[in-house]
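To keep things clear, I will list the structure first and then write my remarks on it.
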Amino acid sequence: MLGLRVMLDRDLAAIYGVKTGRLNEAVKRNADRFPGDFMFQLSRGYNVKHLPYAFTEHGAIQAANVLNSPRAVTMGIHVVRAFVQLRDLLASNRELARKFAELERKLATHDQAITGILKAIQELMNPPAPRRRGIGFTADF
């Protein structure tokens, strides 16, 4: 599980305004809501009585759903609102991407037209040398 961003149970409990033991109780009562990619217990190596739990982003959100503290409820509401804003942002980005693609298509045809205009201007700027008549008499057959 290297490279995961996690939050220890004591820090998450402080954010939600509950004691660490209360958080861990709620998690144990709802263990089926916390698969391994949401939460895991740290291994030995720490000199503590109880090994702490580490919560991933999904686990931290799920913890807000199983706690009844006012702050956890508020945080759960904020998370839902954030997801709605994210969905709206993605929808607007899709529309922006569509408009950008349309603009690229228009520019491609405009580039061709501009190239044609520039070539015509260059030809007008460099008219062919006038035909000179040679000195003397020439006969055209």
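Labels used: A, B, ... for chains in the order of the structure tokens, numbers from 1 for residues in each chain, and numbers from 1 for ligands as shown.
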
Which residues are near stretch 61-64 of chain A? Cut-off 9 Å, only C-alpha atoms, ignore same chain within fewer than 5 positions. Put them as a VMD selection string. chain A and resid 12 16 23 26 to 27 33 to 34 38 55 to 56 69 71 to 76 79

Please identify the helix (DSSP H, G or I) residues within stretch 23-86 of chain A (assignment by DSSP from backbone atoms) and present them as a PDB file with N, CA and C atoms, in the first residue's frame.
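Result file is out-v6.pdb:
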ATOM      1  N   LEU A  23     -14.503   6.872  17.206  1.00  0.00           N
ATOM      2  CA  LEU A  23     -14.367   6.657  15.759  1.00  0.00           C
ATOM      3  C   LEU A  23     -14.145   5.186  15.467  1.00  0.00           C
ATOM      4  N   ASN A  24     -13.212   4.569  16.179  1.00  0.00           N
ATOM      5  CA  ASN A  24     -12.902   3.159  15.916  1.00  0.00           C
ATOM      6  C   ASN A  24     -14.077   2.242  16.239  1.00  0.00           C
ATOM      7  N   GLU A  25     -14.866   2.585  17.269  1.00  0.00           N
ATOM      8  CA  GLU A  25     -16.077   1.810  17.574  1.00  0.00           C
ATOM      9  C   GLU A  25     -17.062   1.858  16.413  1.00  0.00           C
ATOM     10  N   ALA A  26     -17.301   3.060  15.899  1.00  0.00           N
ATOM     11  CA  ALA A  26     -18.245   3.225  14.786  1.00  0.00           C
ATOM     12  C   ALA A  26     -17.761   2.464  13.559  1.00  0.00           C
ATOM     13  N   VAL A  27     -16.465   2.475  13.333  1.00  0.00           N
ATOM     14  CA  VAL A  27     -15.904   1.764  12.187  1.00  0.00           C
ATOM     15  C   VAL A  27     -16.068   0.258  12.372  1.00  0.00           C
ATOM     16  N   LYS A  28     -15.792  -0.248  13.556  1.00  0.00           N
ATOM     17  CA  LYS A  28     -15.924  -1.691  13.817  1.00  0.00           C
ATOM     18  C   LYS A  28     -17.372  -2.150  13.691  1.00  0.00           C
ATOM     19  N   ARG A  29     -18.330  -1.307  14.158  1.00  0.00           N
ATOM     20  CA  ARG A  29     -19.744  -1.660  14.028  1.00  0.00           C
ATOM     21  C   ARG A  29     -20.186  -1.705  12.563  1.00  0.00           C
ATOM     22  N   ALA A  31     -18.043  -2.476   9.869  1.00  0.00           N
ATOM     23  CA  ALA A  31     -16.841  -2.985   9.203  1.00  0.00           C
ATOM     24  C   ALA A  31     -17.074  -3.290   7.722  1.00  0.00           C
ATOM     25  N   ASP A  32     -18.285  -3.698   7.352  1.00  0.00           N
ATOM     26  CA  ASP A  32     -18.568  -4.022   5.951  1.00  0.00           C
ATOM     27  C   ASP A  32     -18.518  -2.782   5.048  1.00  0.00           C
ATOM     28  N   ARG A  33     -18.540  -1.594   5.635  1.00  0.00           N
ATOM     29  CA  ARG A  33     -18.459  -0.347   4.861  1.00  0.00           C
ATOM     30  C   ARG A  33     -17.015   0.133   4.656  1.00  0.00           C
ATOM     31  N   GLU A  57      -8.750   8.478   1.456  1.00  0.00           N
ATOM     32  CA  GLU A  57      -9.760   9.516   1.229  1.00  0.00           C
ATOM     33  C   GLU A  57     -11.170   8.935   1.300  1.00  0.00           C
ATOM     34  N   HIS A  58     -11.359   7.770   0.661  1.00  0.00           N
ATOM     35  CA  HIS A  58     -12.688   7.147   0.658  1.00  0.00           C
ATOM     36  C   HIS A  58     -13.096   6.724   2.061  1.00  0.00           C
ATOM     37  N   GLY A  59     -12.142   6.225   2.817  1.00  0.00           N
ATOM     38  CA  GLY A  59     -12.423   5.821   4.183  1.00  0.00           C
ATOM     39  C   GLY A  59     -12.777   6.999   5.068  1.00  0.00           C
ATOM     40  N   ALA A  60     -12.101   8.129   4.861  1.00  0.00           N
ATOM     41  CA  ALA A  60     -12.393   9.324   5.647  1.00  0.00           C
ATOM     42  C   ALA A  60     -13.816   9.812   5.369  1.00  0.00           C
ATOM     43  N   ILE A  61     -14.218   9.749   4.122  1.00  0.00           N
ATOM     44  CA  ILE A  61     -15.583  10.144   3.764  1.00  0.00           C
ATOM     45  C   ILE A  61     -16.585   9.168   4.365  1.00  0.00           C
ATOM     46  N   GLN A  62     -16.271   7.886   4.283  1.00  0.00           N
ATOM     47  CA  GLN A  62     -17.174   6.874   4.828  1.00  0.00           C
ATOM     48  C   GLN A  62     -17.291   7.016   6.342  1.00  0.00           C
ATOM     49  N   ALA A  63     -16.205   7.408   6.990  1.00  0.00           N
ATOM     50  CA  ALA A  63     -16.253   7.599   8.443  1.00  0.00           C
ATOM     51  C   ALA A  63     -17.252   8.689   8.809  1.00  0.00           C
ATOM     52  N   ALA A  64     -17.318   9.735   8.013  1.00  0.00           N
ATOM     53  CA  ALA A  64     -18.293  10.800   8.268  1.00  0.00           C
ATOM     54  C   ALA A  64     -19.713  10.255   8.200  1.00  0.00           C
ATOM     55  N   ASN A  65     -19.917   9.249   7.365  1.00  0.00           N
ATOM     56  CA  ASN A  65     -21.254   8.673   7.206  1.00  0.00           C
ATOM     57  C   ASN A  65     -21.667   7.780   8.371  1.00  0.00           C
ATOM     58  N   VAL A  66     -20.713   7.222   9.099  1.00  0.00           N
ATOM     59  CA  VAL A  66     -21.070   6.319  10.196  1.00  0.00           C
ATOM     60  C   VAL A  66     -21.022   7.003  11.554  1.00  0.00           C
ATOM     61  N   PRO A  70     -22.092  16.234  15.214  1.00  0.00           N
ATOM     62  CA  PRO A  70     -22.518  17.347  14.350  1.00  0.00           C
ATOM     63  C   PRO A  70     -21.467  17.701  13.290  1.00  0.00           C
ATOM     64  N   ARG A  71     -20.214  17.672  13.676  1.00  0.00           N
ATOM     65  CA  ARG A  71     -19.166  18.021  12.719  1.00  0.00           C
ATOM     66  C   ARG A  71     -19.059  16.976  11.616  1.00  0.00           C
ATOM     67  N   ALA A  72     -19.199  15.699  11.951  1.00  0.00           N
ATOM     68  CA  ALA A  72     -19.132  14.636  10.933  1.00  0.00           C
ATOM     69  C   ALA A  72     -20.298  14.773   9.958  1.00  0.00           C
ATOM     70  N   VAL A  73     -21.476  15.108  10.471  1.00  0.00           N
ATOM     71  CA  VAL A  73     -22.639  15.293   9.603  1.00  0.00           C
ATOM     72  C   VAL A  73     -22.387  16.464   8.660  1.00  0.00           C
ATOM     73  N   THR A  74     -21.870  17.562   9.208  1.00  0.00           N
ATOM     74  CA  THR A  74     -21.558  18.732   8.389  1.00  0.00           C
ATOM     75  C   THR A  74     -20.526  18.394   7.321  1.00  0.00           C
ATOM     76  N   MET A  75     -19.496  17.637   7.703  1.00  0.00           N
ATOM     77  CA  MET A  75     -18.456  17.257   6.741  1.00  0.00           C
ATOM     78  C   MET A  75     -19.036  16.371   5.643  1.00  0.00           C
ATOM     79  N   GLY A  76     -19.931  15.463   6.009  1.00  0.00           N
ATOM     80  CA  GLY A  76     -20.572  14.615   5.001  1.00  0.00           C
ATOM     81  C   GLY A  76     -21.356  15.441   3.988  1.00  0.00           C
ATOM     82  N   ILE A  77     -22.035  16.463   4.484  1.00  0.00           N
ATOM     83  CA  ILE A  77     -22.793  17.358   3.596  1.00  0.00           C
ATOM     84  C   ILE A  77     -21.833  18.107   2.672  1.00  0.00           C
ATOM     85  N   HIS A  78     -20.719  18.573   3.228  1.00  0.00           N
ATOM     86  CA  HIS A  78     -19.724  19.277   2.405  1.00  0.00           C
ATOM     87  C   HIS A  78     -19.175  18.372   1.304  1.00  0.00           C
ATOM     88  N   VAL A  79     -18.958  17.122   1.639  1.00  0.00           N
ATOM     89  CA  VAL A  79     -18.430  16.179   0.648  1.00  0.00           C
ATOM     90  C   VAL A  79     -19.430  15.987  -0.488  1.00  0.00           C
ATOM     91  N   VAL A  80     -20.701  15.823  -0.143  1.00  0.00           N
ATOM     92  CA  VAL A  80     -21.728  15.653  -1.179  1.00  0.00           C
ATOM     93  C   VAL A  80     -21.780  16.892  -2.066  1.00  0.00           C
ATOM     94  N   ARG A  81     -21.745  18.068  -1.456  1.00  0.00           N
ATOM     95  CA  ARG A  81     -21.759  19.309  -2.245  1.00  0.00           C
ATOM     96  C   ARG A  81     -20.528  19.418  -3.143  1.00  0.00           C
ATOM     97  N   ALA A  82     -19.390  18.986  -2.632  1.00  0.00           N
ATOM     98  CA  ALA A  82     -18.163  19.034  -3.431  1.00  0.00           C
ATOM     99  C   ALA A  82     -18.285  18.127  -4.651  1.00  0.00           C
ATOM    100  N   PHE A  83     -18.878  16.953  -4.474  1.00  0.00           N
ATOM    101  CA  PHE A  83     -19.063  16.049  -5.609  1.00  0.00           C
ATOM    102  C   PHE A  83     -20.022  16.633  -6.636  1.00  0.00           C
ATOM    103  N   VAL A  84     -21.062  17.307  -6.181  1.00  0.00           N
ATOM    104  CA  VAL A  84     -22.002  17.952  -7.108  1.00  0.00           C
ATOM    105  C   VAL A  84     -21.279  19.046  -7.894  1.00  0.00           C
ATOM    106  N   GLN A  85     -20.470  19.854  -7.199  1.00  0.00           N
ATOM    107  CA  GLN A  85     -19.702  20.899  -7.882  1.00  0.00           C
ATOM    108  C   GLN A  85     -18.726  20.290  -8.881  1.00  0.00           C
ATOM    109  N   LEU A  86     -18.102  19.188  -8.496  1.00  0.00           N
ATOM    110  CA  LEU A  86     -17.167  18.511  -9.395  1.00  0.00           C
ATOM    111  C   LEU A  86     -17.885  18.009 -10.639  1.00  0.00           C
TER     112      LEU A  86
END

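Take atom CA of A:Phe100 and atom CA of A:Lys119: the distance between them is 28.2 Å.
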
Enumerate, as a ChimeraX atom specification, the complete set of residues in stretch 17-76 of chain A that a backbone-based DSSP assignment places in strand (DSSP E or B). /A:39-41,53-55

Neighbour list for A:Asp11 as number ranges by chain, cut-off 12 Å, only C-alpha atoms, skip fewer than 2 positions in-chain: A: 6-9, 13-21, 23, 52-55, 60

How would the residues just chosen look if you wrote them out with all heavy atoms as a short mmCIF file (atom, residue, chain, number, x, y, z; two decimals), in the first residue's frame?
data_model
loop_
_atom_site.label_atom_id
_atom_site.label_comp_id
_atom_site.auth_asym_id
_atom_site.auth_seq_id
_atom_site.Cartn_x
_atom_site.Cartn_y
_atom_site.Cartn_z
N VAL A 6 -2.97 8.87 3.35
CA VAL A 6 -3.83 8.37 4.43
C VAL A 6 -3.86 9.37 5.57
O VAL A 6 -3.02 10.27 5.66
CB VAL A 6 -3.37 6.99 4.94
CG1 VAL A 6 -3.47 5.94 3.86
CG2 VAL A 6 -1.96 7.06 5.51
N MET A 7 -4.83 9.15 6.45
CA MET A 7 -4.95 9.97 7.65
C MET A 7 -5.12 8.99 8.81
O MET A 7 -5.90 8.03 8.72
CB MET A 7 -6.17 10.88 7.52
CG MET A 7 -6.34 11.82 8.68
SD MET A 7 -7.69 12.97 8.38
CE MET A 7 -6.82 14.16 7.39
N LEU A 8 -4.38 9.21 9.87
CA LEU A 8 -4.49 8.32 11.02
C LEU A 8 -5.80 8.56 11.76
O LEU A 8 -6.36 9.66 11.73
CB LEU A 8 -3.31 8.54 11.97
CG LEU A 8 -1.94 8.17 11.39
CD1 LEU A 8 -0.85 8.43 12.42
CD2 LEU A 8 -1.91 6.72 10.94
N ASP A 9 -6.25 7.50 12.43
CA ASP A 9 -7.54 7.57 13.12
C ASP A 9 -7.62 8.72 14.11
O ASP A 9 -8.63 9.41 14.19
CB ASP A 9 -7.88 6.24 13.78
CG ASP A 9 -6.79 5.71 14.72
OD1 ASP A 9 -5.77 6.41 14.93
OD2 ASP A 9 -6.97 4.59 15.24
N ALA A 13 -10.40 11.59 13.84
CA ALA A 13 -11.32 11.78 14.97
C ALA A 13 -11.33 13.25 15.40
O ALA A 13 -12.39 13.82 15.68
CB ALA A 13 -10.92 10.88 16.13
N ALA A 14 -10.16 13.88 15.42
CA ALA A 14 -10.09 15.30 15.80
C ALA A 14 -10.85 16.16 14.80
O ALA A 14 -11.54 17.11 15.19
CB ALA A 14 -8.62 15.73 15.88
N ILE A 15 -10.74 15.86 13.53
CA ILE A 15 -11.46 16.62 12.50
C ILE A 15 -12.96 16.50 12.69
O ILE A 15 -13.69 17.48 12.57
CB ILE A 15 -11.05 16.15 11.09
CG1 ILE A 15 -9.62 16.62 10.79
CG2 ILE A 15 -12.01 16.66 10.03
CD1 ILE A 15 -9.05 16.06 9.52
N TYR A 16 -13.42 15.29 13.00
CA TYR A 16 -14.86 15.06 13.15
C TYR A 16 -15.37 15.38 14.56
O TYR A 16 -16.56 15.23 14.83
CB TYR A 16 -15.20 13.63 12.78
CG TYR A 16 -15.06 13.35 11.30
CD1 TYR A 16 -14.66 12.11 10.84
CD2 TYR A 16 -15.32 14.33 10.36
CE1 TYR A 16 -14.53 11.85 9.48
CE2 TYR A 16 -15.19 14.09 9.01
CZ TYR A 16 -14.80 12.85 8.57
OH TYR A 16 -14.67 12.60 7.23
N GLY A 17 -14.49 15.79 15.45
CA GLY A 17 -14.92 16.20 16.79
C GLY A 17 -15.34 15.06 17.68
O GLY A 17 -16.25 15.22 18.50
N VAL A 18 -14.72 13.91 17.52
CA VAL A 18 -15.00 12.76 18.39
C VAL A 18 -13.68 12.21 18.92
O VAL A 18 -12.61 12.54 18.42
CB VAL A 18 -15.77 11.64 17.63
CG1 VAL A 18 -17.13 12.13 17.18
CG2 VAL A 18 -14.96 11.10 16.48
N LYS A 19 -13.78 11.34 19.93
CA LYS A 19 -12.58 10.69 20.45
C LYS A 19 -12.18 9.55 19.51
O LYS A 19 -13.04 8.99 18.81
CB LYS A 19 -12.83 10.15 21.86
CG LYS A 19 -13.04 11.26 22.86
CD LYS A 19 -13.17 10.71 24.26
CE LYS A 19 -13.33 11.89 25.22
NZ LYS A 19 -13.20 11.49 26.60
N THR A 20 -10.91 9.22 19.51
CA THR A 20 -10.41 8.17 18.63
C THR A 20 -11.13 6.85 18.88
O THR A 20 -11.51 6.14 17.95
CB THR A 20 -8.88 7.98 18.82
OG1 THR A 20 -8.25 9.25 18.66
CG2 THR A 20 -8.32 6.99 17.84
N GLY A 21 -11.36 6.52 20.15
CA GLY A 21 -12.06 5.29 20.49
C GLY A 21 -13.47 5.27 19.91
O GLY A 21 -13.95 4.24 19.43
N LEU A 23 -14.50 6.87 17.21
CA LEU A 23 -14.37 6.66 15.76
C LEU A 23 -14.14 5.19 15.47
O LEU A 23 -14.82 4.60 14.61
CB LEU A 23 -13.21 7.49 15.20
CG LEU A 23 -12.80 7.19 13.76
CD1 LEU A 23 -13.90 7.63 12.79
CD2 LEU A 23 -11.49 7.86 13.42
N PRO A 52 -2.59 2.07 15.31
CA PRO A 52 -3.57 3.00 14.71
C PRO A 52 -4.09 2.50 13.36
O PRO A 52 -3.44 1.70 12.68
CB PRO A 52 -2.77 4.29 14.54
CG PRO A 52 -1.34 3.88 14.52
CD PRO A 52 -1.24 2.60 15.30
N TYR A 53 -5.25 2.99 13.01
CA TYR A 53 -5.83 2.73 11.70
C TYR A 53 -5.48 3.89 10.78
O TYR A 53 -5.39 5.04 11.21
CB TYR A 53 -7.35 2.58 11.78
CG TYR A 53 -7.78 1.30 12.43
CD1 TYR A 53 -8.10 1.26 13.78
CD2 TYR A 53 -7.88 0.12 11.69
CE1 TYR A 53 -8.50 0.08 14.39
CE2 TYR A 53 -8.27 -1.07 12.29
CZ TYR A 53 -8.57 -1.08 13.64
OH TYR A 53 -8.96 -2.25 14.22
N ALA A 54 -5.30 3.57 9.52
CA ALA A 54 -5.04 4.59 8.50
C ALA A 54 -6.23 4.59 7.55
O ALA A 54 -6.65 3.53 7.08
CB ALA A 54 -3.75 4.28 7.77
N PHE A 55 -6.76 5.78 7.28
CA PHE A 55 -7.93 5.93 6.41
C PHE A 55 -7.51 6.60 5.11
O PHE A 55 -6.84 7.64 5.13
CB PHE A 55 -9.01 6.77 7.10
CG PHE A 55 -9.64 6.11 8.27
CD1 PHE A 55 -9.04 6.13 9.52
CD2 PHE A 55 -10.85 5.46 8.13
CE1 PHE A 55 -9.63 5.51 10.60
CE2 PHE A 55 -11.45 4.83 9.21
CZ PHE A 55 -10.84 4.86 10.45
N ALA A 60 -12.10 8.13 4.86
CA ALA A 60 -12.39 9.32 5.65
C ALA A 60 -13.82 9.81 5.37
O ALA A 60 -14.53 10.22 6.29
CB ALA A 60 -11.38 10.42 5.33
#

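The coordinates place atom CA of A:Leu67 at 10.2 Å from atom CA of A:Asn30.
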